[in-house]
>>> print(open('target_31.cif').read())   # mmCIF, C-alpha atoms and all ligand atoms
data_input
#
loop_
_atom_site.label_atom_id
_atom_site.label_comp_id
_atom_site.auth_asym_id
_atom_site.auth_seq_id
_atom_site.Cartn_x
_atom_site.Cartn_y
_atom_site.Cartn_z
CA MET A 1 93.04 139.77 135.09
CA ARG A 2 92.70 140.79 131.45
CA HIS A 3 96.40 140.12 130.95
CA THR A 4 96.18 136.72 132.57
CA VAL A 5 93.35 135.75 130.24
CA LEU A 6 95.24 137.02 127.17
CA ARG A 7 98.38 135.17 128.21
CA LEU A 8 96.39 132.00 128.72
CA ILE A 9 94.85 132.32 125.26
CA MET A 10 98.31 132.84 123.75
CA ILE A 11 99.75 129.82 125.53
CA LEU A 12 96.81 127.69 124.40
CA ALA A 13 97.17 128.88 120.80
CA ILE A 14 100.90 128.14 120.73
CA TRP A 15 100.36 124.73 122.28
CA ALA A 16 97.37 123.81 120.13
CA ALA A 17 98.95 124.34 116.69
CA PRO A 18 101.64 121.64 116.95
CA ALA A 19 99.29 119.40 118.92
CA ARG A 20 96.82 119.60 116.04
CA ALA A 21 99.61 118.91 113.53
CA GLN A 22 100.58 115.78 115.48
CA GLU A 23 96.98 114.56 115.64
CA VAL A 24 96.81 111.04 114.17
CA LEU A 25 94.17 111.06 111.44
CA LEU A 26 94.70 107.65 109.91
CA THR A 27 96.23 104.37 110.94
CA LEU A 28 97.55 102.01 108.28
CA THR A 29 98.09 98.37 109.18
CA GLY A 30 98.90 95.13 107.39
CA ALA A 31 101.38 95.20 104.52
CA VAL A 32 102.90 98.57 105.47
CA THR A 33 106.23 99.59 107.03
CA ASP A 34 106.68 97.70 110.34
CA GLY A 35 103.04 96.57 110.14
CA ARG A 36 101.66 99.87 111.38
CA VAL A 37 101.98 103.49 110.32
CA ASP A 38 100.18 106.34 112.09
CA ILE A 39 99.56 109.26 109.76
CA THR A 40 99.35 112.71 111.32
CA ARG A 41 97.93 115.90 109.89
CA ALA A 42 101.55 117.10 109.49
CA ASP A 43 102.41 113.95 107.48
CA LEU A 44 99.53 114.70 105.13
CA ALA A 45 100.50 118.38 104.86
CA ALA A 46 104.03 117.32 103.82
CA LEU A 47 102.74 115.30 100.83
CA PRO A 48 101.97 116.96 97.46
CA GLN A 49 98.51 118.55 97.66
CA HIS A 50 95.90 117.78 95.01
CA GLY A 51 92.31 118.75 94.42
CA TYR A 52 89.43 119.05 92.00
CA ALA A 53 85.73 119.76 91.82
CA THR A 54 83.45 116.80 91.31
CA SER A 55 79.85 115.80 91.64
CA THR A 56 79.15 113.28 94.40
CA SER A 57 76.26 110.93 95.08
CA VAL A 58 75.55 112.62 98.42
CA SER A 59 75.76 116.37 97.78
CA ASP A 60 74.38 118.90 95.34
CA GLY A 61 76.53 120.63 92.75
CA ARG A 62 80.23 120.03 92.33
CA PRO A 63 82.10 120.72 95.55
CA ARG A 64 85.85 121.18 95.39
CA PHE A 65 87.90 118.67 97.37
CA ASP A 66 91.54 119.05 98.40
CA GLY A 67 93.91 116.67 100.09
CA VAL A 68 96.47 114.09 99.05
CA LEU A 69 96.39 111.30 96.51
CA MET A 70 95.62 107.88 97.95
CA ARG A 71 98.58 106.43 96.01
CA ASP A 72 100.95 108.96 97.65
CA LEU A 73 99.54 108.12 101.07
CA LEU A 74 100.06 104.39 100.49
CA ALA A 75 103.59 105.00 99.18
CA LEU A 76 104.38 107.04 102.31
CA ALA A 77 103.34 104.08 104.45
CA GLY A 78 105.35 101.63 102.34
CA ALA A 79 102.17 99.77 101.39
CA LYS A 80 102.61 96.67 99.25
CA GLY A 81 99.44 94.82 98.42
CA GLU A 82 96.37 94.32 96.27
CA SER A 83 93.64 95.95 98.30
CA VAL A 84 92.86 98.17 101.25
CA ARG A 85 90.13 97.55 103.80
CA ALA A 86 88.92 101.08 104.55
CA ARG A 87 87.26 101.54 107.92
CA ALA A 88 85.26 104.58 109.06
CA LEU A 89 84.35 106.08 112.43
CA ASN A 90 80.86 104.59 112.09
CA ASP A 91 82.43 101.15 111.51
CA TYR A 92 81.49 101.17 107.85
CA VAL A 93 84.06 98.92 106.15
CA PHE A 94 84.77 98.56 102.46
CA ASP A 95 87.47 96.80 100.44
CA ILE A 96 89.00 98.88 97.66
CA PRO A 97 91.41 97.51 95.05
CA ILE A 98 94.69 99.44 95.12
CA SER A 99 94.63 99.49 91.31
CA ASP A 100 91.92 102.20 91.63
CA PHE A 101 94.52 104.56 93.09
CA HIS A 102 96.88 104.08 90.16
CA ARG A 103 94.16 104.24 87.52
CA TYR A 104 92.44 107.31 89.02
CA ASP A 105 93.46 110.37 91.05
CA VAL A 106 91.56 109.21 94.12
CA LEU A 107 91.89 111.68 97.00
CA ALA A 108 92.15 111.34 100.72
CA ALA A 109 90.31 114.65 100.97
CA LEU A 110 90.70 116.91 104.01
CA THR A 111 88.74 119.93 102.84
CA MET A 112 85.54 120.56 100.90
CA ASN A 113 85.14 123.99 99.27
CA GLY A 114 88.17 125.11 101.29
CA ALA A 115 86.70 124.20 104.68
CA PRO A 116 88.20 121.38 106.77
CA LEU A 117 86.00 118.29 106.82
CA THR A 118 84.92 117.56 110.38
CA ALA A 119 83.81 114.26 111.85
CA ARG A 120 80.33 115.75 111.99
CA ASP A 121 80.37 116.24 108.23
CA LYS A 122 82.13 113.32 106.54
CA GLY A 123 85.57 114.18 107.86
CA PRO A 124 88.27 114.41 108.87
CA VAL A 125 89.16 112.29 105.82
CA TRP A 126 86.91 111.37 102.90
CA ILE A 127 87.92 109.11 100.01
CA VAL A 128 86.93 111.01 96.86
CA TYR A 129 86.93 109.73 93.27
CA PRO A 130 87.26 111.99 90.17
CA ARG A 131 83.73 111.01 89.24
CA ASP A 132 83.22 113.58 86.49
CA ASP A 133 86.42 112.74 84.61
CA HIS A 134 85.61 109.07 84.09
CA PRO A 135 82.04 108.05 83.18
CA GLU A 136 82.47 104.56 84.66
CA LEU A 137 82.94 106.07 88.14
CA ALA A 138 79.35 107.37 88.31
CA ASP A 139 78.24 103.97 89.49
CA ILE A 140 77.02 102.47 92.77
CA ARG A 141 80.01 100.10 92.76
CA TYR A 142 82.29 103.12 93.09
CA ASP A 143 79.98 105.20 95.31
CA MET A 144 80.47 102.55 98.00
CA ARG A 145 84.23 103.25 97.89
CA TRP A 146 83.76 106.92 98.84
CA VAL A 147 84.34 106.10 102.49
CA TRP A 148 83.84 109.16 104.63
CA GLN A 149 85.01 109.57 108.26
CA LEU A 150 87.92 107.38 107.22
CA VAL A 151 90.09 106.34 110.19
CA ALA A 152 91.94 103.19 109.16
CA LEU A 153 93.31 101.38 106.14
CA HIS A 154 94.35 97.73 106.31
CA VAL A 155 96.57 96.75 103.39
CA GLU A 156 96.51 93.20 102.07
N1 LIG B 201 81.70 106.24 106.62
C1 LIG B 201 80.81 105.81 105.74
N2 LIG B 201 81.08 105.96 104.44
C2 LIG B 201 80.19 105.53 103.52
C3 LIG B 201 78.99 104.92 103.89
C4 LIG B 201 78.74 104.79 105.29
O1 LIG B 201 77.71 104.28 105.75
N3 LIG B 201 79.66 105.27 106.18
N4 LIG B 201 78.13 104.44 102.90
C5 LIG B 201 78.73 104.16 101.57
C6 LIG B 201 77.75 103.85 100.54
S1 LIG B 201 77.02 102.30 100.61
C7 LIG B 201 77.45 104.71 99.52
S2 LIG B 201 76.45 104.27 98.24
C8 LIG B 201 78.00 106.08 99.54
C9 LIG B 201 76.81 107.03 99.62
O2 LIG B 201 76.12 106.71 100.79
P1 LIG B 201 74.66 107.26 101.13
O3 LIG B 201 73.84 107.06 99.90
O4 LIG B 201 74.24 106.41 102.29
O5 LIG B 201 74.80 108.69 101.52
O6 LIG B 201 78.86 106.36 100.64
C10 LIG B 201 79.65 105.28 101.11
N5 LIG B 201 80.49 105.71 102.21
MO MO B 202 75.43 102.31 99.03
#
>>> encode(input="target_31.cif", output="structure tokens", more="lines below")
Ligand SMILES: Nc1nc2c(c(=O)[nH]1)N[C@H]1C(S)=C(S)[C@@H](COP(=O)(O)O)O[C@H]1N2
Ligand SMILES: [Mo]
Amino acid sequence: MRHTVLRLIMILAIWAAPARAQEVLLTLTGAVTDGRVDITRADLAALPQHGYATSTSVSDGRPRFDGVLMRDLLALAGAKGESVRARALNDYVFDIPISDFHRYDVLAALTMNGAPLTARDKGPVWIVYPRDDHPELADIRYDMRWVWQLVALHVE
């Protein structure tokens, strides 16, 4: 009995790791390769990883965020356009000029203070701006671009 349970746990663990890696976190549509690119956790893990601590308009202190650069993500998807329409799980939608991602090291963040962001807490993906490095970013016009629970990007 004990062995059966252990074996079951092992099988589940072995099966769950790749399944989690293949989990689609983001879907890019519009002016991207073949009109649609599904981005998995493994795709994101294969990109260069970046991070920094920054203040935010919704949390205390300066949490550290890690993930990938939005410009690397868009390059991976072959995005060619002027803006992205970012859509969240809660159907919040906001248009962001792609120039932001070249001007600033904007993150598609996957972790905060080393812990994976979950859908319950602004995850799995949160658009994060380097707010403390550029005074102009501490502004409501940019706060609205910090889309959390990001699930889709439409490139135009
Ligand atoms: N997914 C999602 N992201 C979002 C929002 C939202 O409602 N849903 N609100 C935006 C707005 S309008 C602002 S100002 C900042 C901070 O939102 P808050 O002040 O409502 O916490 O997050 C932005 N990101
Ligand atoms: Mo807002």
>>> residues_near_point(input="target_31.cif", point="(82.7, 110.4, 90.2)", cutoff="12 Å", atoms="only C-alpha atoms", output="count of residues only")
34
>>> atom_distance(input="target_31.cif", atom1="atom CA of A:Arg36", atom2="atom CA of A:Val84")
13.5 Å
>>> residues_near_point(input="target_31.cif", point="(101.5, 99.5, 103.4)", cutoff="6 Å", atoms="all atoms listed in the file", output="compact mmCIF listing (two decimals) with C-alpha atoms, in the frame of the given file")
# COMPACT_ATOMS: atom_id res chain seq x y z
CA ALA A 31 101.38 95.20 104.52
CA VAL A 32 102.90 98.57 105.47
CA THR A 33 106.23 99.59 107.03
CA LEU A 74 100.06 104.39 100.49
CA ALA A 77 103.34 104.08 104.45
CA GLY A 78 105.35 101.63 102.34
CA ALA A 79 102.17 99.77 101.39
CA LYS A 80 102.61 96.67 99.25
CA VAL A 155 96.57 96.75 103.39
>>> residues_around(input="target_31.cif", residues="A:Thr40", least_positions_apart="5", cutoff="8 Å", atoms="all atoms listed in the file", output="PyMOL selection string")
chain A and resi 21-26
>>> closest_residue(input="target_31.cif", among="A:Ala16, A:Ile11, A:Val147, A:Ala152", to="ligand MO 202 (chain B)", atoms="only C-alpha atoms and all ligand atoms")
A:Val147
>>> residues_around(input="target_31.cif", residues="A:Pro48", least_positions_apart="6", cutoff="12 Å", atoms="only C-alpha atoms", output="list in words")
Asp66, Gly67, Val68, Leu69, Met70, Arg71, Asp72, Leu73, Leu76, Leu107 and Ala108 of chain A
